[in-house]
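Colleague: Provided herewith is a single structure, encoded as structure tokens, for subsequent inquiry.
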Amino acid sequence: MLKIEGYTKRYGEKVAVNNLNLHIAPGEIYGFIGHNGAGKTTTLKACSGLLQFTEGTITVNGKSIQKEPLACKKEMAYIPDNPDLYDFLTGYDYLNFVADVYGVSKEDRDKRIDEYGELLGITEALALPISEYSHGMKQKVAIISALVHAPKLILMDEPFVGLDPLASHQLKQLMKKHCEEGGAIFFSTHVLEVAEKLCHKVAIIKGGNLIASGTMEEVKGDSSLENVFLELEEKTE
Amino acid sequence: MSLLLKIRFKSLFAGIKKSIGAKSAGMLALFGVLMGFSALIIMALLFGIWFVFGMYLESDYPWLYFAMAGIFAFALGIFGTVFTTQSQMYEAKDNELLLAMPLKPSQIIGSRVLMLYLLTFLFSAIIMLPAAAVYCILRGPSVTFVLIFLLVMGMISMVTQTVTCLLGWVLHFLLAKFKYKALLASLFMAVVMILYFVGIGNLENLTVVLTQNGGKIANAVQSFAWPFYAMGQACMGDILQFVLFTVFSFGVFGLVMWVLTKTFIKAMLVGGKAKSATKQKRDRKIRTPEASLCRKESKRFFSSTTYLVNTGLGLFMMLALIVAGVIFKDKIMNALQSQDMLEGLESFIPAVIVGIMGFITFMTPISAPSVSLEGNHLWILRSMPISGAKVLRGKLRFHCIATVPMAFVGTLALCLVYGCPILDTLLAAVCSALLNVLCGVLGLVFNMCFPRMDWPTEAAPCKQSGAVVCIMFAMMFVSFLVFGGGLVGTGMMGPDMSAVVLGIMAAALALITYLFYLLLVKWGGKKFETL
């Protein structure tokens, strides 16, 4: 579904991500872990087509994000760590805007907006302007907007930040369901317990370099993900 | 406080650099020279006006000369900065962040007011320095005069800034209570602009009235506008009035700052989430991506006071012009014919109307800040399967929907009312419509040249960006060409050929618009995808 091969991103002299190789297959929830500034957001932005890069290739279902960005974007959705939505629109207006751009039919969009709205407990607020929303409410609308066009691949940057416990639980269920239906999720998180319970595979990045990756069992063995992460951090100091 | 000021200055220079796309100190210096040159031209024009008012210096009330300078500077300062003050003080993105820090509201307000004061001081200097120069020529310069004048100029700027802050404060609380605050603010600005243009149009008569009625004006100022009397007297060397004016300036400034400081947190809450929002009806209509983009643009335009006031004023002006043109038709025709301005006047009217309608486009640069306004929201469009060209077309579509119908119908109505032939009328309406399309296309091209995505308030891209400044000058220039071309062409080819001249103008405008449109969707679209 998502293939990252030799991806390198430089900002002038500084190497933000160095020769990253990852493969996220259909049905997988892939966690991306690392300290602040490790290169997680840079990688996710490059995968979603938000960031230009010159070294390496990123493909979505065999299509290059550099050569066919629009075709790739049709098949995926991106949720940033701080979803700045159009605060002059209502939640419904925003979701309709997204659905219009993706060409979602009336029946599908109504069904999905109602279903996910109820699930995340935000239906009532969708008729209000986004300027009235809290961070968590914006996050919920961003999640619905990502699901409204039924993408195959979802990229999420810290998706649990700002969500209440119930919404957080519902999001985990949604993520599992999405992957059971053949979709894939690549997401970054600092909450290692969540990653440990939710992810099929995990990648740990430090200073732009991949220091561990594989199935959850391969990476953590008998230890906890937190212990492994801390050990790896120390080893690579 | 000093740290806040440092940040403000850094942000100001970074903003200027970004808005003009300057990558080097040389470019920045060139921009400074150009702005300085523009200011010098305005000052040179004012120099002439102050020579006329110099007659006050020979009258029984010589102080009125400087009082007039103060009144003009005060009026321009208020008009030029009231909305900027309101948005920079109460709508700045970093207000909440700063309030969360161990900073006093007075420090936050102080740093903002000082920056605004510099802008007001600049306005005052443009108006008052030529007055001082004329005074020195007529009366001879002296060190005492220069010193007192500079202090007085600083203080009148302070009084202006004080009143502007107070108005911005009142405006903020008032607007928070209205649902359609953007429209209300635009309407207010349109009325002010109409009065301004009426004033400019009657400047000659106004100057005569002001110079012939000096005595009455002097009495009125002394009775009802004492601060200007005091500042006038202070400039003439009256130390007592200088002291009184100083006490007054610092007194009102201190009082207003105290009120603003005490109410700053409350003002933040009024403008923020404290107000109750009304639920809106769920929109279930399916649209094409471009139509949906266009709708999004319209929602942004009508919900933002800053955006609407700074780029939509021309719409109100256009409407006012059309109504005034119809109502005062006989007066305008009589005035033109009595002065025997042009032979075969009727055949020139369509070109004149097109020129005027085109000139108004400089007040409708709706598309010019629209890319910059994406700001932090840019990720939404960039992560969607929609090309940059399509996004720009959506923005252009809204610009055209907002401006073209009114320009087209308005020109048709005016031409018909003024008895122009049908063919001329239609061609003139097409020219007006094309001028507005060109304004939309060029605005977007300029915005792609000077995108400014990390703005602190919407005022930065809407008012202080390179794109907006460029489109305003460009449309003034194009309108002047169309106006001049229409008159000269009709004059040279003869009144019977006015339709041919208008046809050529329409074809030329269509060609230019199309070429820039191609540039926009090809180069601009690609550039948008890499912003």
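Labels for the structure tokens follow display order: chains A, B, ..., residues from 1 in each chain, ligands from 1.
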Among range 17-224 of chain A, which residues carry a DSSP assignment of strand (DSSP E), reported as a PyMOL selection string?

Modeller: chain A and resi 17-24+29-33+55-60+63-64+76-79+153-157+184-188+201-206+209-215

Colleague: What's around range 514-516 of chain B at 8 Å? Count only C-alpha atoms, leave out sequence neighbours fewer than 4 positions away in its own chain, and write the answer as a list in words.

Modeller: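 That gives Leu438, Val441, Leu442, Val445, Ala510 and Leu520 of chain B.
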
Colleague: Define the interface residues of chain B facing chain A as those within 9 Å, counting only C-alpha atoms, and report them as a ChimeraX atom specification.

Modeller: /B:272-273,276-293,295-296,299-300,303-304,374,376-380,382-387,529-531

Colleague: If I take CA of Ala146 in chain A and CA of Pro26 in chain A, how far is one from the other in Å, to one decimal?

Modeller: 17.3 Å

Colleague: Which residues come within 6 Å of Ser372 in chain B, counting only C-alpha atoms, excluding same-chain residues fewer than 2 positions away, as a list of chain:residue names?

Modeller: B:Pro369, B:Ser370, B:Glu374, B:Gly375, B:Pro451, B:Arg452, B:Met453

Colleague: From range 18-208 of chain A, collect each residue whose DSSP state is alpha helix (DSSP H) and return the set as a VMD selection string.

Modeller: chain A and resid 40 to 47 69 to 74 91 to 102 106 to 120 135 to 147 165 to 180 192 to 198

Colleague: Take the selection from the previous step and output its residues with C-alpha atoms, as a PDB file, in the first residue's frame.

Modeller:
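Final output, part_1.pdb:
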```
ATOM      1  CA  LYS A  40       8.147  11.691  11.990  1.00  0.00           C
ATOM      2  CA  THR A  41       6.090  14.666  10.795  1.00  0.00           C
ATOM      3  CA  THR A  42       8.552  15.325   7.963  1.00  0.00           C
ATOM      4  CA  THR A  43       8.070  11.747   6.771  1.00  0.00           C
ATOM      5  CA  LEU A  44       4.277  11.819   7.103  1.00  0.00           C
ATOM      6  CA  LYS A  45       4.102  15.138   5.249  1.00  0.00           C
ATOM      7  CA  ALA A  46       6.228  13.754   2.436  1.00  0.00           C
ATOM      8  CA  CYS A  47       3.976  10.679   2.212  1.00  0.00           C
ATOM      9  CA  PRO A  69       0.375  13.253  -6.563  1.00  0.00           C
ATOM     10  CA  LEU A  70      -3.310  13.667  -7.338  1.00  0.00           C
ATOM     11  CA  ALA A  71      -3.837   9.951  -8.032  1.00  0.00           C
ATOM     12  CA  CYS A  72      -2.084   9.113  -4.742  1.00  0.00           C
ATOM     13  CA  LYS A  73      -4.039  11.697  -2.758  1.00  0.00           C
ATOM     14  CA  LYS A  74      -7.318  10.250  -4.027  1.00  0.00           C
ATOM     15  CA  GLY A  91     -18.423  21.325  10.755  1.00  0.00           C
ATOM     16  CA  TYR A  92     -21.011  20.194   8.196  1.00  0.00           C
ATOM     17  CA  ASP A  93     -19.809  22.781   5.668  1.00  0.00           C
ATOM     18  CA  TYR A  94     -16.230  21.615   6.085  1.00  0.00           C
ATOM     19  CA  LEU A  95     -17.094  17.935   5.718  1.00  0.00           C
ATOM     20  CA  ASN A  96     -19.224  18.687   2.659  1.00  0.00           C
ATOM     21  CA  PHE A  97     -16.365  20.673   1.175  1.00  0.00           C
ATOM     22  CA  VAL A  98     -14.014  17.717   1.600  1.00  0.00           C
ATOM     23  CA  ALA A  99     -16.648  15.331   0.209  1.00  0.00           C
ATOM     24  CA  ASP A 100     -17.201  17.617  -2.813  1.00  0.00           C
ATOM     25  CA  VAL A 101     -13.493  17.703  -3.613  1.00  0.00           C
ATOM     26  CA  TYR A 102     -13.256  13.890  -3.378  1.00  0.00           C
ATOM     27  CA  LYS A 106     -24.768  12.293  -1.438  1.00  0.00           C
ATOM     28  CA  GLU A 107     -25.851   8.984   0.085  1.00  0.00           C
ATOM     29  CA  ASP A 108     -22.330   7.956   1.078  1.00  0.00           C
ATOM     30  CA  ARG A 109     -21.384  11.291   2.605  1.00  0.00           C
ATOM     31  CA  ASP A 110     -24.608  11.637   4.580  1.00  0.00           C
ATOM     32  CA  LYS A 111     -24.298   8.081   5.854  1.00  0.00           C
ATOM     33  CA  ARG A 112     -20.643   8.438   6.844  1.00  0.00           C
ATOM     34  CA  ILE A 113     -20.981  11.897   8.403  1.00  0.00           C
ATOM     35  CA  ASP A 114     -23.940  10.716  10.483  1.00  0.00           C
ATOM     36  CA  GLU A 115     -22.260   7.440  11.464  1.00  0.00           C
ATOM     37  CA  TYR A 116     -18.846   8.851  12.435  1.00  0.00           C
ATOM     38  CA  GLY A 117     -20.399  11.967  13.956  1.00  0.00           C
ATOM     39  CA  GLU A 118     -22.489   9.829  16.296  1.00  0.00           C
ATOM     40  CA  LEU A 119     -19.577   7.519  17.056  1.00  0.00           C
ATOM     41  CA  LEU A 120     -17.266  10.381  18.042  1.00  0.00           C
ATOM     42  CA  HIS A 135      -8.831  21.262  19.870  1.00  0.00           C
ATOM     43  CA  GLY A 136     -10.430  17.873  20.486  1.00  0.00           C
ATOM     44  CA  MET A 137     -13.547  18.783  18.506  1.00  0.00           C
ATOM     45  CA  LYS A 138     -11.418  19.934  15.598  1.00  0.00           C
ATOM     46  CA  GLN A 139      -9.526  16.659  15.810  1.00  0.00           C
ATOM     47  CA  LYS A 140     -12.807  14.751  15.610  1.00  0.00           C
ATOM     48  CA  VAL A 141     -13.905  16.725  12.518  1.00  0.00           C
ATOM     49  CA  ALA A 142     -10.491  16.111  10.952  1.00  0.00           C
ATOM     50  CA  ILE A 143     -10.932  12.370  11.602  1.00  0.00           C
ATOM     51  CA  ILE A 144     -14.404  12.359  10.024  1.00  0.00           C
ATOM     52  CA  SER A 145     -13.093  14.335   7.052  1.00  0.00           C
ATOM     53  CA  ALA A 146     -10.392  11.717   6.608  1.00  0.00           C
ATOM     54  CA  LEU A 147     -12.936   8.898   6.653  1.00  0.00           C
ATOM     55  CA  PRO A 165     -11.180   8.914  26.479  1.00  0.00           C
ATOM     56  CA  LEU A 166     -14.377   7.801  24.744  1.00  0.00           C
ATOM     57  CA  ALA A 167     -13.425   9.351  21.393  1.00  0.00           C
ATOM     58  CA  SER A 168      -9.936   7.924  21.794  1.00  0.00           C
ATOM     59  CA  HIS A 169     -11.409   4.456  22.277  1.00  0.00           C
ATOM     60  CA  GLN A 170     -13.730   4.893  19.303  1.00  0.00           C
ATOM     61  CA  LEU A 171     -10.845   6.026  17.116  1.00  0.00           C
ATOM     62  CA  LYS A 172      -8.903   2.878  17.990  1.00  0.00           C
ATOM     63  CA  GLN A 173     -11.929   0.783  17.002  1.00  0.00           C
ATOM     64  CA  LEU A 174     -12.265   2.736  13.753  1.00  0.00           C
ATOM     65  CA  MET A 175      -8.589   2.188  12.986  1.00  0.00           C
ATOM     66  CA  LYS A 176      -8.920  -1.548  13.577  1.00  0.00           C
ATOM     67  CA  LYS A 177     -12.074  -1.746  11.453  1.00  0.00           C
ATOM     68  CA  HIS A 178     -10.418   0.191   8.643  1.00  0.00           C
ATOM     69  CA  CYS A 179      -7.560  -2.298   8.537  1.00  0.00           C
ATOM     70  CA  GLU A 180      -9.834  -5.321   8.808  1.00  0.00           C
ATOM     71  CA  LEU A 192       3.788   3.941  23.501  1.00  0.00           C
ATOM     72  CA  GLU A 193       1.082   1.942  25.294  1.00  0.00           C
ATOM     73  CA  VAL A 194      -1.360   2.772  22.504  1.00  0.00           C
ATOM     74  CA  ALA A 195       1.151   1.823  19.844  1.00  0.00           C
ATOM     75  CA  GLU A 196       1.915  -1.449  21.620  1.00  0.00           C
ATOM     76  CA  LYS A 197      -1.733  -2.490  21.813  1.00  0.00           C
ATOM     77  CA  LEU A 198      -2.861  -1.164  18.432  1.00  0.00           C
TER      78      LEU A 198
END
```

Colleague: If we count only C-alpha atoms, what is near Asp157 in chain A at a cut-off of 6 Å, once residues fewer than 5 positions away on the same chain are taken out, given as a PyMOL selection string?

Modeller: chain A and resi 80-81+187-188

Colleague: With C-alpha atoms kept, could you save the residues just selected as a tab-separated table (two decimals), in the first residue's frame?

Modeller:
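The new file result.tsv reads:
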```
chain	number	residue	atom	x	y	z
A	80	PRO	CA	-2.00	16.61	10.87
A	81	ASP	CA	-0.93	16.92	14.49
A	187	PHE	CA	0.55	6.99	12.21
A	188	SER	CA	2.95	8.68	14.58
```

Colleague: How many Å separate CA of Gly388 in chain B from CA of Ala467 in chain B?

Modeller: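 It comes out at 18.2 Å.
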
Colleague: Between CA of Thr263 in chain B and CA of Cys165 in chain B, measure the distance and give it in Å to one decimal.

Modeller: 12.6 Å

Colleague: Neighbouring residues of range 140-156 of chain B were defined as those with any atom within 8 Å, considering only C-alpha atoms; residues of the same chain fewer than 2 positions away were excluded. Please report them as a PyMOL selection string.

Modeller: chain B and resi 70+74+121+124-125+128+132+135-138+158-160+231+234-237+242+246+249-250

Colleague: Store the residues picked out above, limited to N, CA and C atoms, as a PDB file, in the first residue's frame.

Modeller:
```
ATOM      1  N   GLY B  70      -2.767  69.988  11.848  1.00  0.00           N
ATOM      2  CA  GLY B  70      -3.067  68.984  12.871  1.00  0.00           C
ATOM      3  C   GLY B  70      -4.370  68.256  12.584  1.00  0.00           C
ATOM      4  N   PHE B  74      -4.722  64.367  11.857  1.00  0.00           N
ATOM      5  CA  PHE B  74      -5.599  63.621  12.762  1.00  0.00           C
ATOM      6  C   PHE B  74      -6.617  62.805  11.950  1.00  0.00           C
ATOM      7  N   PHE B 121       2.511  58.135  13.269  1.00  0.00           N
ATOM      8  CA  PHE B 121       3.515  59.202  13.193  1.00  0.00           C
ATOM      9  C   PHE B 121       3.934  59.427  11.740  1.00  0.00           C
ATOM     10  N   SER B 124       1.254  61.383  10.057  1.00  0.00           N
ATOM     11  CA  SER B 124       1.326  62.777  10.500  1.00  0.00           C
ATOM     12  C   SER B 124       2.483  63.498   9.818  1.00  0.00           C
ATOM     13  N   ALA B 125       3.626  62.800   9.727  1.00  0.00           N
ATOM     14  CA  ALA B 125       4.810  63.431   9.129  1.00  0.00           C
ATOM     15  C   ALA B 125       4.562  63.776   7.656  1.00  0.00           C
ATOM     16  N   MET B 128       2.289  66.877   7.867  1.00  0.00           N
ATOM     17  CA  MET B 128       2.735  68.072   8.591  1.00  0.00           C
ATOM     18  C   MET B 128       4.116  68.594   8.202  1.00  0.00           C
ATOM     19  N   ALA B 132       5.415  72.489   7.742  1.00  0.00           N
ATOM     20  CA  ALA B 132       6.537  73.112   8.450  1.00  0.00           C
ATOM     21  C   ALA B 132       7.528  73.725   7.458  1.00  0.00           C
ATOM     22  N   TYR B 135       6.155  76.927   6.204  1.00  0.00           N
ATOM     23  CA  TYR B 135       6.268  77.927   7.265  1.00  0.00           C
ATOM     24  C   TYR B 135       7.691  78.490   7.315  1.00  0.00           C
ATOM     25  N   CYS B 136       8.673  77.588   7.240  1.00  0.00           N
ATOM     26  CA  CYS B 136      10.068  78.033   7.289  1.00  0.00           C
ATOM     27  C   CYS B 136      10.406  78.937   6.106  1.00  0.00           C
ATOM     28  N   ILE B 137       9.830  78.627   4.933  1.00  0.00           N
ATOM     29  CA  ILE B 137      10.090  79.457   3.748  1.00  0.00           C
ATOM     30  C   ILE B 137       9.468  80.844   3.940  1.00  0.00           C
ATOM     31  N   LEU B 138       8.229  80.873   4.454  1.00  0.00           N
ATOM     32  CA  LEU B 138       7.509  82.148   4.581  1.00  0.00           C
ATOM     33  C   LEU B 138       7.990  82.981   5.764  1.00  0.00           C
ATOM     34  N   MET B 158       0.256  61.161  18.932  1.00  0.00           N
ATOM     35  CA  MET B 158      -0.146  60.418  20.128  1.00  0.00           C
ATOM     36  C   MET B 158      -1.650  60.580  20.376  1.00  0.00           C
ATOM     37  N   VAL B 159      -2.136  61.821  20.196  1.00  0.00           N
ATOM     38  CA  VAL B 159      -3.576  62.069  20.371  1.00  0.00           C
ATOM     39  C   VAL B 159      -4.360  61.253  19.332  1.00  0.00           C
ATOM     40  N   THR B 160      -3.866  61.281  18.082  1.00  0.00           N
ATOM     41  CA  THR B 160      -4.535  60.521  17.019  1.00  0.00           C
ATOM     42  C   THR B 160      -4.567  59.041  17.377  1.00  0.00           C
ATOM     43  N   MET B 231      -2.377  73.326  19.912  1.00  0.00           N
ATOM     44  CA  MET B 231      -1.195  72.897  19.151  1.00  0.00           C
ATOM     45  C   MET B 231      -0.769  73.958  18.138  1.00  0.00           C
ATOM     46  N   ALA B 234       0.958  76.552  20.094  1.00  0.00           N
ATOM     47  CA  ALA B 234       2.260  76.023  20.540  1.00  0.00           C
ATOM     48  C   ALA B 234       3.289  76.145  19.418  1.00  0.00           C
ATOM     49  N   CYS B 235       2.872  75.812  18.200  1.00  0.00           N
ATOM     50  CA  CYS B 235       3.800  75.910  17.060  1.00  0.00           C
ATOM     51  C   CYS B 235       4.211  77.361  16.803  1.00  0.00           C
ATOM     52  N   MET B 236       3.311  78.296  17.175  1.00  0.00           N
ATOM     53  CA  MET B 236       3.632  79.710  16.969  1.00  0.00           C
ATOM     54  C   MET B 236       4.481  80.258  18.121  1.00  0.00           C
ATOM     55  N   GLY B 237       4.818  79.380  19.084  1.00  0.00           N
ATOM     56  CA  GLY B 237       5.737  79.787  20.147  1.00  0.00           C
ATOM     57  C   GLY B 237       5.091  80.096  21.477  1.00  0.00           C
ATOM     58  N   PHE B 242       1.705  75.282  24.763  1.00  0.00           N
ATOM     59  CA  PHE B 242       2.530  74.076  24.534  1.00  0.00           C
ATOM     60  C   PHE B 242       2.453  73.152  25.751  1.00  0.00           C
ATOM     61  N   THR B 246       0.707  69.540  25.907  1.00  0.00           N
ATOM     62  CA  THR B 246       1.495  68.376  26.347  1.00  0.00           C
ATOM     63  C   THR B 246       0.746  67.621  27.444  1.00  0.00           C
ATOM     64  N   SER B 249      -2.238  65.846  25.867  1.00  0.00           N
ATOM     65  CA  SER B 249      -1.860  64.681  25.052  1.00  0.00           C
ATOM     66  C   SER B 249      -1.525  63.485  25.931  1.00  0.00           C
ATOM     67  N   PHE B 250      -0.644  63.717  26.909  1.00  0.00           N
ATOM     68  CA  PHE B 250      -0.234  62.607  27.767  1.00  0.00           C
ATOM     69  C   PHE B 250      -1.381  62.162  28.677  1.00  0.00           C
TER      70      PHE B 250
END
```
